[in-house]
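Listing of run11.cif, mmCIF, C-alpha atoms
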```cif
data_coords
#
loop_
_atom_site.label_atom_id
_atom_site.label_comp_id
_atom_site.auth_asym_id
_atom_site.auth_seq_id
_atom_site.Cartn_x
_atom_site.Cartn_y
_atom_site.Cartn_z
CA MET A 23 141.99 107.31 112.67
CA ASP A 24 138.81 109.29 113.25
CA SER A 25 135.56 107.45 113.82
CA TYR A 26 134.13 108.37 110.40
CA LYS A 27 137.09 106.93 108.49
CA LYS A 28 136.95 103.86 110.69
CA TYR A 29 133.28 103.46 109.89
CA ILE A 30 133.83 103.76 106.12
CA LYS A 31 136.67 101.23 106.34
CA GLU A 32 134.32 98.87 108.14
CA LEU A 33 131.70 99.34 105.40
CA LYS A 34 134.27 98.68 102.68
CA GLY A 35 135.34 95.51 104.43
CA LEU A 36 131.86 94.00 104.48
CA SER A 37 131.32 91.30 101.91
CA PRO A 38 128.00 89.51 102.32
CA LYS A 39 127.80 86.28 100.38
CA ILE A 40 125.59 85.48 97.42
CA ASP A 41 125.18 82.36 95.31
CA TYR A 42 125.72 83.88 91.85
CA ASP A 43 124.61 80.74 89.98
CA LYS A 44 121.36 80.53 91.93
CA ALA A 45 120.74 84.24 91.36
CA TYR A 46 121.39 83.80 87.62
CA THR A 47 118.81 81.02 87.44
CA ALA A 48 116.28 83.21 89.24
CA ILE A 49 116.99 86.11 86.87
CA ALA A 50 116.64 83.83 83.84
CA LEU A 51 113.26 82.62 85.11
CA ARG A 52 112.05 86.13 85.85
CA ALA A 53 113.22 87.39 82.44
CA GLN A 54 111.10 84.86 80.54
CA PRO A 55 108.10 86.44 78.81
CA LYS A 56 104.97 85.74 80.81
CA PRO A 57 102.05 84.04 79.04
CA ALA A 58 99.07 86.32 78.67
CA ASN A 59 96.62 85.91 81.50
CA SER A 60 93.69 84.02 79.97
CA TRP A 61 91.31 85.23 82.68
CA LEU A 62 92.09 88.84 81.82
CA ILE A 63 91.51 88.19 78.12
CA ALA A 64 88.19 86.44 78.83
CA ALA A 65 87.08 89.29 81.10
CA ALA A 66 88.06 91.90 78.51
CA LEU A 67 86.19 90.09 75.72
CA THR A 68 83.09 89.72 77.92
CA GLY A 69 83.30 93.43 78.75
CA VAL A 70 83.52 94.40 75.08
CA PHE A 71 80.60 92.12 74.20
CA LEU A 72 78.41 93.55 76.97
CA ALA A 73 79.33 97.11 76.00
CA VAL A 74 78.38 96.52 72.32
CA PHE A 75 75.22 94.67 73.34
CA SER A 76 74.02 97.41 75.69
CA LEU A 77 74.97 100.14 73.21
CA TYR A 78 72.91 98.42 70.53
CA TYR A 79 69.82 98.28 72.73
CA THR A 80 70.33 101.84 73.93
CA LEU A 81 70.38 103.08 70.36
CA ASN A 82 67.45 100.90 69.28
CA PRO A 83 64.93 101.08 72.12
CA GLY A 84 62.15 98.59 71.58
CA GLY A 85 63.66 97.56 68.27
CA ASN A 86 63.12 93.90 68.84
CA LYS A 87 59.71 93.21 70.17
CA GLU A 88 59.30 89.75 68.78
CA THR A 89 60.03 86.84 71.01
CA ILE A 90 62.63 84.35 70.04
CA ALA A 91 59.89 81.77 69.68
CA SER A 92 58.56 83.61 66.64
CA TYR A 93 61.80 82.83 64.82
CA LEU A 94 61.38 79.14 65.27
CA GLU A 95 59.74 76.91 62.73
CA GLU A 96 57.62 74.13 64.05
CA GLY A 97 59.76 71.52 65.74
CA GLU A 98 62.90 73.65 65.46
CA THR A 99 65.08 74.30 68.50
CA ILE A 100 67.15 77.38 69.29
CA ASN A 101 70.53 77.39 67.64
CA GLY A 102 73.31 79.90 67.13
CA ASN A 103 71.95 81.32 63.83
CA ILE A 104 68.47 81.87 65.24
CA LEU A 105 69.90 83.52 68.30
CA MET A 106 71.99 85.89 66.16
CA SER A 107 68.96 86.71 63.97
CA TYR A 108 66.92 87.45 67.09
CA VAL A 109 69.56 89.72 68.61
CA PHE A 110 70.77 91.54 65.50
CA GLY A 111 67.77 91.24 63.19
CA GLU A 112 67.29 89.20 60.00
CA MET B 24 131.73 94.68 55.33
CA PRO B 25 129.86 91.91 57.15
CA ASN B 26 127.27 92.98 59.69
CA ILE B 27 128.78 91.99 63.00
CA ASN B 28 126.47 91.85 65.98
CA MET B 29 128.26 93.92 68.62
CA GLN B 30 125.53 93.36 71.20
CA PRO B 31 127.21 91.98 74.29
CA ASP B 32 125.85 88.68 75.50
CA PHE B 33 123.85 88.85 78.73
CA SER B 34 125.61 85.88 80.33
CA VAL B 35 128.99 87.50 79.65
CA ILE B 36 127.80 90.80 81.13
CA TYR B 37 126.51 88.96 84.18
CA HIS B 38 129.78 87.15 84.61
CA ASP B 39 131.89 90.31 84.24
CA HIS B 40 129.81 92.68 86.35
CA LYS B 41 128.05 90.58 89.00
CA ALA B 42 130.68 91.24 91.66
CA ASN B 43 130.63 95.05 91.24
CA VAL B 44 126.84 95.17 91.21
CA TRP B 45 126.65 92.97 94.30
CA LYS B 46 129.23 95.11 96.10
CA LEU B 47 127.07 98.20 95.68
CA VAL B 48 123.61 96.70 96.27
CA SER B 49 124.73 94.73 99.33
CA LYS B 50 125.61 98.01 101.06
CA TYR B 51 122.58 99.86 99.83
CA VAL B 52 119.90 97.56 101.28
CA PHE B 53 120.53 95.53 104.37
CA LYS B 54 118.19 92.56 104.63
CA PRO B 55 119.62 89.50 102.86
CA GLU B 56 116.40 88.84 100.91
CA ASP B 57 116.19 92.50 99.83
CA ARG B 58 119.80 92.47 98.69
CA GLU B 59 119.23 89.44 96.51
CA ASP B 60 115.96 90.83 95.21
CA LEU B 61 117.60 94.14 94.29
CA PHE B 62 120.53 92.30 92.70
CA GLN B 63 118.07 90.38 90.52
CA GLU B 64 116.13 93.57 89.72
CA VAL B 65 119.32 95.23 88.48
CA PHE B 66 120.15 92.41 86.09
CA LEU B 67 116.53 92.16 84.95
CA ALA B 68 116.73 95.88 84.09
CA VAL B 69 120.01 95.24 82.27
CA HIS B 70 118.43 92.35 80.35
CA LYS B 71 115.46 94.50 79.39
CA ALA B 72 117.57 97.48 78.32
CA LEU B 73 120.25 95.46 76.52
CA PRO B 74 118.63 95.59 73.04
CA LYS B 75 118.69 99.40 73.31
CA PHE B 76 122.35 99.57 74.33
CA ARG B 77 124.13 101.48 71.56
CA GLY B 78 127.59 101.51 73.09
CA GLU B 79 127.60 105.30 73.51
CA ALA B 80 128.73 104.93 77.12
CA ALA B 81 131.18 102.34 78.39
CA LEU B 82 129.39 99.15 79.37
CA ASN B 83 130.68 99.54 82.91
CA THR B 84 129.20 103.06 83.24
CA TRP B 85 125.94 101.94 81.65
CA ILE B 86 125.55 99.07 84.14
CA TYR B 87 126.52 101.31 87.03
CA ARG B 88 123.84 103.79 85.98
CA ILE B 89 121.21 101.05 85.82
CA THR B 90 122.34 99.79 89.24
CA VAL B 91 122.10 103.26 90.79
CA ASN B 92 118.67 104.01 89.32
CA THR B 93 117.25 100.61 90.16
CA ALA B 94 118.57 100.85 93.72
CA LEU B 95 117.13 104.33 94.25
CA ASN B 96 113.73 103.25 92.92
CA TYR B 97 113.85 100.07 94.98
CA LEU B 98 114.34 101.93 98.22
CA LYS B 99 111.62 104.46 97.38
CA LYS B 100 109.19 101.64 96.58
CA GLN B 101 110.18 99.82 99.74
CA ARG B 102 109.46 102.90 101.84
CA HIS B 103 105.97 103.20 100.36
CA TYR B 104 105.38 99.49 100.87
CA SER B 105 106.53 99.51 104.50
CA GLY B 106 104.18 102.44 105.17
CA LEU B 107 101.30 100.46 103.68
CA LYS B 108 102.30 97.39 105.69
CA GLN B 109 102.25 99.43 108.90
CA VAL B 110 98.73 100.68 108.12
CA LEU B 111 97.50 97.16 107.29
CA SER B 112 99.04 95.63 110.40
CA ALA B 113 97.60 98.46 112.51
CA PHE B 114 94.16 97.42 111.28
CA ARG B 115 95.15 93.77 111.86
CA LEU B 116 94.63 92.99 108.18
CA ILE B 117 98.07 91.37 108.03
CA GLU B 118 100.41 89.97 110.64
CA ALA B 119 103.22 92.35 111.60
CA ALA B 120 106.24 90.28 110.62
CA GLU B 121 109.34 90.38 112.75
CA PRO B 122 112.13 91.88 110.67
CA GLU B 123 114.93 89.44 110.01
CA ALA B 124 118.15 90.96 111.31
CA PRO B 125 121.35 90.26 109.40
CA ALA B 126 124.46 89.60 111.46
CA ASP B 127 126.04 92.90 110.41
CA ILE B 128 122.96 95.05 111.13
CA GLU B 129 124.82 97.36 113.55
CA VAL B 130 127.08 98.61 110.77
CA PHE B 131 124.12 99.69 108.68
CA LYS B 132 122.20 101.53 111.36
CA PRO B 133 123.87 104.91 110.67
CA LEU B 134 123.16 104.52 106.92
CA GLU B 135 119.47 104.11 107.69
CA LYS B 136 119.42 107.74 108.81
CA LEU B 137 120.17 108.89 105.27
CA ASN B 138 117.59 109.39 102.56
CA PRO B 139 117.97 107.21 99.42
CA ARG B 140 119.92 109.82 97.47
CA GLN B 141 122.29 110.72 100.33
CA ARG B 142 122.91 107.04 100.95
CA MET B 143 123.76 106.41 97.30
CA ILE B 144 126.04 109.45 97.07
CA LEU B 145 127.95 108.48 100.21
CA LEU B 146 128.37 104.91 99.01
CA LEU B 147 129.48 105.95 95.53
CA ILE B 148 132.04 108.49 96.71
CA ASP B 149 133.33 107.30 100.06
CA VAL B 150 132.94 103.54 99.67
CA GLU B 151 133.14 102.93 95.91
CA GLU B 152 135.64 105.80 95.56
CA LYS B 153 133.97 107.43 92.56
CA SER B 154 134.76 111.09 91.85
CA LEU B 155 132.20 113.86 92.35
CA ASP B 156 131.86 114.19 88.58
CA GLU B 157 131.31 110.45 88.13
CA ALA B 158 128.66 110.38 90.86
CA ALA B 159 126.93 113.41 89.32
CA ALA B 160 126.92 111.75 85.90
CA LEU B 161 125.61 108.47 87.28
CA LEU B 162 122.81 110.16 89.18
CA LYS B 163 122.18 112.77 86.46
CA ILE B 164 122.30 115.63 88.96
CA PRO B 165 124.58 118.69 89.18
CA VAL B 166 127.95 118.34 90.92
CA GLY B 167 126.87 121.01 93.41
CA THR B 168 123.93 118.85 94.47
CA VAL B 169 126.25 115.88 94.92
CA LYS B 170 128.59 118.00 97.07
CA SER B 171 125.83 119.33 99.31
CA ASN B 172 124.25 115.86 99.73
CA LEU B 173 127.63 114.32 100.48
CA HIS B 174 128.40 116.97 103.08
CA ARG B 175 125.02 116.44 104.74
CA ALA B 176 125.37 112.64 104.61
CA ARG B 177 128.84 112.77 106.19
CA GLU B 178 127.58 115.02 108.96
CA ILE B 179 124.72 112.64 109.74
CA ILE B 180 126.99 109.58 109.75
CA LYS B 181 129.61 111.29 111.92
CA LYS B 182 126.91 112.22 114.42
CA GLU B 183 125.50 108.68 114.44
CA VAL B 184 128.92 107.04 114.71
CA SER B 185 129.98 109.23 117.63
CA LYS B 186 126.59 108.66 119.31
CA ASN B 187 127.04 104.90 119.13
CA GLY B 188 130.55 105.19 120.49
#
```

Could you quickly redo this structure as C-alpha coordinates?
Amino acid sequence: MDSYKKYIKELKGLSPKIDYDKAYTAIALRAQPKPANSWLIAAALTGVFLAVFSLYYTLNPGGNKETIASYLEEGETINGNILMSYVFGE
Amino acid sequence: MPNINMQPDFSVIYHDHKANVWKLVSKYVFKPEDREDLFQEVFLAVHKALPKFRGEAALNTWIYRITVNTALNYLKKQRHYSGLKQVLSAFRLIEAAEPEAPADIEVFKPLEKLNPRQRMILLLIDVEEKSLDEAAALLKIPVGTVKSNLHRAREIIKKEVSKNG
(Lines of atoms letter the chains of each structure in order from A and count residues from 1; the text may use other names and numbers.)
(Lines give C-alpha, C1' and ligand atoms only; values in the text may rest on other atoms or scores of the structure.)
Protein backbone atom coordinates (compact mmCIF):
# COMPACT_ATOMS: atom_id res chain seq x y z
CA MET A 1 0.00 0.00 0.00
CA ASP A 2 1.45 3.39 -0.90
CA SER A 3 2.16 5.89 1.85
CA TYR A 4 -0.74 8.18 0.88
CA LYS A 5 -3.34 5.40 1.12
CA LYS A 6 -1.79 4.32 4.40
CA TYR A 7 -2.07 7.86 5.70
CA ILE A 8 -5.74 8.19 4.70
CA LYS A 9 -6.47 4.83 6.33
CA GLU A 10 -4.83 6.09 9.50
CA LEU A 11 -6.97 9.25 9.39
CA LYS A 12 -10.14 7.22 8.90
CA GLY A 13 -9.24 5.05 11.85
CA LEU A 14 -8.93 7.96 14.27
CA SER A 15 -11.86 8.33 16.61
CA PRO A 16 -11.29 10.94 19.31
CA LYS A 17 -13.77 10.72 22.14
CA ILE A 18 -16.44 13.22 23.09
CA ASP A 19 -19.03 13.27 25.85
CA TYR A 20 -22.16 13.85 23.75
CA ASP A 21 -24.41 14.50 26.77
CA LYS A 22 -22.06 17.12 28.17
CA ALA A 23 -21.78 18.74 24.74
CA TYR A 24 -25.59 18.79 24.43
CA THR A 25 -25.89 20.57 27.77
CA ALA A 26 -23.32 23.15 26.67
CA ILE A 27 -25.16 23.69 23.37
CA ALA A 28 -28.48 24.08 25.18
CA LEU A 29 -26.95 26.70 27.47
CA ARG A 30 -25.36 28.58 24.59
CA ALA A 31 -28.59 28.48 22.57
CA GLN A 32 -30.59 30.25 25.29
CA PRO A 33 -31.48 33.84 24.38
CA LYS A 34 -29.18 36.21 26.22
CA PRO A 35 -30.77 38.92 28.40
CA ALA A 36 -30.21 42.38 27.02
CA ASN A 37 -27.16 44.02 28.52
CA SER A 38 -28.54 46.63 30.91
CA TRP A 39 -25.31 48.63 30.82
CA LEU A 40 -25.56 48.97 27.06
CA ILE A 41 -29.17 50.12 27.30
CA ALA A 42 -28.30 52.67 30.00
CA ALA A 43 -25.37 53.97 27.93
CA ALA A 44 -27.52 54.22 24.80
CA LEU A 45 -30.27 56.12 26.65
CA THR A 46 -27.73 58.51 28.18
CA GLY A 47 -26.23 59.06 24.73
CA VAL A 48 -29.63 59.85 23.22
CA PHE A 49 -30.46 62.23 26.07
CA LEU A 50 -27.15 64.08 25.74
CA ALA A 51 -27.54 64.31 21.96
CA VAL A 52 -31.06 65.81 22.25
CA PHE A 53 -29.93 68.13 25.05
CA SER A 54 -26.93 69.47 23.13
CA LEU A 55 -28.94 69.76 19.91
CA TYR A 56 -31.55 71.83 21.73
CA TYR A 57 -28.96 74.26 23.05
CA THR A 58 -27.18 74.43 19.70
CA LEU A 59 -30.40 75.42 18.00
CA ASN A 60 -31.40 77.87 20.73
CA PRO A 61 -28.22 79.71 21.69
CA GLY A 62 -28.79 81.84 24.75
CA GLY A 63 -32.43 80.84 24.81
CA ASN A 64 -32.52 80.32 28.52
CA LYS A 65 -30.82 83.10 30.33
CA GLU A 66 -32.78 82.91 33.53
CA THR A 67 -31.31 81.03 36.41
CA ILE A 68 -33.15 78.15 37.90
CA ALA A 69 -33.57 80.17 41.06
CA SER A 70 -35.95 82.51 39.24
CA TYR A 71 -38.37 79.64 38.81
CA LEU A 72 -38.59 79.02 42.49
CA GLU A 73 -41.23 80.54 44.69
CA GLU A 74 -40.16 81.58 48.12
CA GLY A 75 -39.38 78.56 50.24
CA GLU A 76 -39.73 76.17 47.29
CA THR A 77 -37.01 73.64 46.50
CA ILE A 78 -35.97 72.29 43.12
CA ASN A 79 -38.10 69.43 41.92
CA GLY A 80 -38.54 67.54 38.67
CA ASN A 81 -41.24 69.85 37.23
CA ILE A 82 -39.22 72.99 37.89
CA LEU A 83 -36.16 71.43 36.38
CA MET A 84 -38.09 70.47 33.22
CA SER A 85 -39.57 74.00 32.98
CA TYR A 86 -36.08 75.47 33.32
CA VAL A 87 -34.59 73.23 30.64
CA PHE A 88 -37.43 73.18 28.12
CA GLY A 89 -39.24 76.42 28.91
CA GLU A 90 -42.66 77.02 30.51
CA MET B 1 -56.33 18.37 6.48
CA PRO B 2 -54.81 19.07 9.89
CA ASN B 3 -51.74 21.27 9.98
CA ILE B 4 -48.97 18.91 10.98
CA ASN B 5 -45.75 20.44 12.20
CA MET B 6 -43.07 18.73 10.12
CA GLN B 7 -40.25 20.64 11.80
CA PRO B 8 -37.80 18.07 13.08
CA ASP B 9 -37.06 18.28 16.77
CA PHE B 10 -33.59 19.55 17.65
CA SER B 11 -32.90 16.82 20.20
CA VAL B 12 -33.78 14.16 17.61
CA ILE B 13 -31.51 15.81 15.04
CA TYR B 14 -28.72 15.94 17.59
CA HIS B 15 -29.17 12.30 18.45
CA ASP B 16 -29.24 11.18 14.81
CA HIS B 17 -26.41 13.31 13.45
CA LYS B 18 -23.98 13.90 16.32
CA ALA B 19 -21.69 11.02 15.34
CA ASN B 20 -21.34 12.11 11.69
CA VAL B 21 -20.74 15.73 12.63
CA TRP B 22 -18.16 14.73 15.23
CA LYS B 23 -16.40 12.45 12.73
CA LEU B 24 -15.86 15.35 10.36
CA VAL B 25 -15.03 18.13 12.84
CA SER B 26 -12.64 15.94 14.83
CA LYS B 27 -10.46 15.57 11.74
CA TYR B 28 -10.80 19.16 10.65
CA VAL B 29 -9.43 20.82 13.80
CA PHE B 30 -6.94 19.08 16.00
CA LYS B 31 -6.89 20.50 19.51
CA PRO B 32 -9.44 18.75 21.75
CA GLU B 33 -10.94 22.04 23.00
CA ASP B 34 -11.23 23.37 19.43
CA ARG B 35 -12.92 20.18 18.28
CA GLU B 36 -15.54 20.41 20.99
CA ASP B 37 -16.00 24.12 20.40
CA LEU B 38 -16.50 23.58 16.67
CA PHE B 39 -18.87 20.68 17.35
CA GLN B 40 -20.96 22.97 19.55
CA GLU B 41 -20.80 25.77 16.95
CA VAL B 42 -22.18 23.43 14.30
CA PHE B 43 -25.17 22.42 16.39
CA LEU B 44 -25.76 26.03 17.48
CA ALA B 45 -25.89 26.94 13.78
CA VAL B 46 -28.30 24.05 13.19
CA HIS B 47 -30.47 25.22 16.10
CA LYS B 48 -30.50 28.77 14.75
CA ALA B 49 -31.29 27.73 11.17
CA LEU B 50 -33.86 25.06 12.07
CA PRO B 51 -36.94 27.34 11.90
CA LYS B 52 -35.93 28.18 8.31
CA PHE B 53 -35.50 24.55 7.26
CA ARG B 54 -38.08 23.92 4.54
CA GLY B 55 -37.15 20.33 3.76
CA GLU B 56 -36.00 21.18 0.23
CA ALA B 57 -32.76 19.28 0.79
CA ALA B 58 -32.43 16.05 2.74
CA LEU B 59 -31.83 16.75 6.41
CA ASN B 60 -28.53 14.90 6.20
CA THR B 61 -27.28 17.11 3.33
CA TRP B 62 -28.53 20.24 5.07
CA ILE B 63 -26.62 19.38 8.27
CA TYR B 64 -23.53 18.43 6.29
CA ARG B 65 -23.63 21.79 4.54
CA ILE B 66 -23.91 23.63 7.86
CA THR B 67 -21.03 21.55 9.23
CA VAL B 68 -18.81 22.32 6.24
CA ASN B 69 -19.54 26.05 6.28
CA THR B 70 -19.17 26.38 10.03
CA ALA B 71 -15.88 24.46 9.95
CA LEU B 72 -14.46 26.58 7.13
CA ASN B 73 -15.42 29.80 8.92
CA TYR B 74 -14.07 28.47 12.21
CA LEU B 75 -10.64 27.80 10.77
CA LYS B 76 -10.53 31.18 9.02
CA LYS B 77 -11.48 32.94 12.26
CA GLN B 78 -8.93 30.90 14.17
CA ARG B 79 -6.18 31.92 11.76
CA HIS B 80 -6.99 35.60 12.24
CA TYR B 81 -7.14 35.13 16.00
CA SER B 82 -3.81 33.29 16.19
CA GLY B 83 -2.21 36.11 14.17
CA LEU B 84 -3.58 38.65 16.65
CA LYS B 85 -2.39 36.52 19.56
CA GLN B 86 1.12 36.42 18.11
CA VAL B 87 1.17 40.22 17.81
CA LEU B 88 -0.13 40.68 21.37
CA SER B 89 2.33 38.20 22.84
CA ALA B 90 5.16 39.83 20.87
CA PHE B 91 4.31 43.08 22.65
CA ARG B 92 4.00 41.11 25.92
CA LEU B 93 0.36 42.17 26.26
CA ILE B 94 -0.64 38.54 26.80
CA GLU B 95 1.23 35.44 27.86
CA ALA B 96 2.19 33.18 24.95
CA ALA B 97 0.35 30.01 25.92
CA GLU B 98 1.93 26.66 25.26
CA PRO B 99 -0.23 24.82 22.74
CA GLU B 100 -1.79 21.70 24.18
CA ALA B 101 -0.74 18.76 22.02
CA PRO B 102 -3.23 15.95 21.51
CA ALA B 103 -1.87 12.42 21.55
CA ASP B 104 -2.49 11.97 17.82
CA ILE B 105 -0.88 15.27 16.76
CA GLU B 106 1.62 13.59 14.40
CA VAL B 107 -1.18 12.33 12.17
CA PHE B 108 -2.52 15.83 11.68
CA LYS B 109 0.74 17.55 10.86
CA PRO B 110 0.47 16.96 7.09
CA LEU B 111 -3.12 18.31 7.11
CA GLU B 112 -1.87 21.54 8.65
CA LYS B 113 -0.07 22.26 5.39
CA LEU B 114 -3.38 22.57 3.56
CA ASN B 115 -5.50 25.69 3.42
CA PRO B 116 -9.03 25.43 4.92
CA ARG B 117 -10.71 24.65 1.61
CA GLN B 118 -8.14 22.04 0.51
CA ARG B 119 -8.36 20.40 3.91
CA MET B 120 -12.16 20.20 3.74
CA ILE B 121 -12.14 18.84 0.18
CA LEU B 122 -9.59 16.15 1.02
CA LEU B 123 -11.52 15.11 4.12
CA LEU B 124 -14.86 15.03 2.30
CA ILE B 125 -13.63 13.00 -0.66
CA ASP B 126 -10.83 10.79 0.60
CA VAL B 127 -11.88 10.31 4.22
CA GLU B 128 -15.67 10.74 4.19
CA GLU B 129 -15.84 9.16 0.71
CA LYS B 130 -18.16 11.76 -0.81
CA SER B 131 -18.26 12.07 -4.60
CA LEU B 132 -16.82 15.09 -6.43
CA ASP B 133 -20.35 16.27 -7.20
CA GLU B 134 -21.43 15.94 -3.56
CA ALA B 135 -18.38 17.88 -2.35
CA ALA B 136 -19.00 20.58 -4.96
CA ALA B 137 -22.64 20.88 -3.89
CA LEU B 138 -21.74 21.03 -0.21
CA LEU B 139 -19.12 23.70 -0.74
CA LYS B 140 -21.14 25.51 -3.43
CA ILE B 141 -18.18 25.60 -5.82
CA PRO B 142 -17.72 24.15 -9.33
CA VAL B 143 -16.65 20.52 -9.69
CA GLY B 144 -13.54 21.70 -11.55
CA THR B 145 -12.47 23.72 -8.52
CA VAL B 146 -12.99 20.69 -6.29
CA LYS B 147 -10.86 18.57 -8.64
CA SER B 148 -8.00 21.04 -8.80
CA ASN B 149 -8.02 21.58 -5.01
CA LEU B 150 -8.14 17.85 -4.39
CA HIS B 151 -5.23 17.25 -6.73
CA ARG B 152 -3.19 19.97 -5.04
CA ALA B 153 -4.11 18.72 -1.55
CA ARG B 154 -3.10 15.14 -2.42
CA GLU B 155 0.22 16.33 -3.80
CA ILE B 156 0.96 18.28 -0.62
CA ILE B 157 0.00 15.36 1.64
CA LYS B 158 2.03 12.86 -0.40
CA LYS B 159 5.05 15.14 -0.15
CA GLU B 160 4.60 15.58 3.60
CA VAL B 161 3.99 11.89 4.24
CA SER B 162 7.08 10.83 2.28
CA LYS B 163 9.13 13.54 4.02
CA ASN B 164 8.15 12.22 7.44
CA GLY B 165 8.97 8.69 6.38

Contacts from chain B to chain A, 10 Å maximum, all atoms listed in the file: show me the residue list as number ranges by chain.
B: 34, 37-38, 41-42, 45-46, 49-50, 53, 55, 58-60, 62-68, 70-71, 125-127, 130-131, 133, 145-146, 149-151, 177-178, 180-185, 188

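Note on the selection: in this file the PyMOL selection byres ((chain B and resi 169) around 9) comes out as Gln141, Ile144, Leu155, Asp156, Ala158, Ala159, Leu162, Ile164, Pro165, Val166, Gly167, Thr168, Lys170, Ser171, Asn172, Leu173 and His174 of chain B.
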
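Here atom CA of A:Val109 and atom CA of A:Ser76 stand 11.4 Å from one another.
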
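Coordinates place atom CA of B:Val44 at a distance of 19.5 Å from atom CA of A:Leu51.
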
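Across the model, the gap from atom CA of B:Arg142 to atom CA of B:Asn43 is 17.3 Å.
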
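Residues matched by the PyMOL selection byres ((chain B and resi 74) around 12) in this file: Asn28, Met29, Gln30, Pro31, Asp32, Phe33, Ala68, Val69, His70, Lys71, Ala72, Leu73, Lys75, Phe76, Arg77 and Gly78 of chain B.
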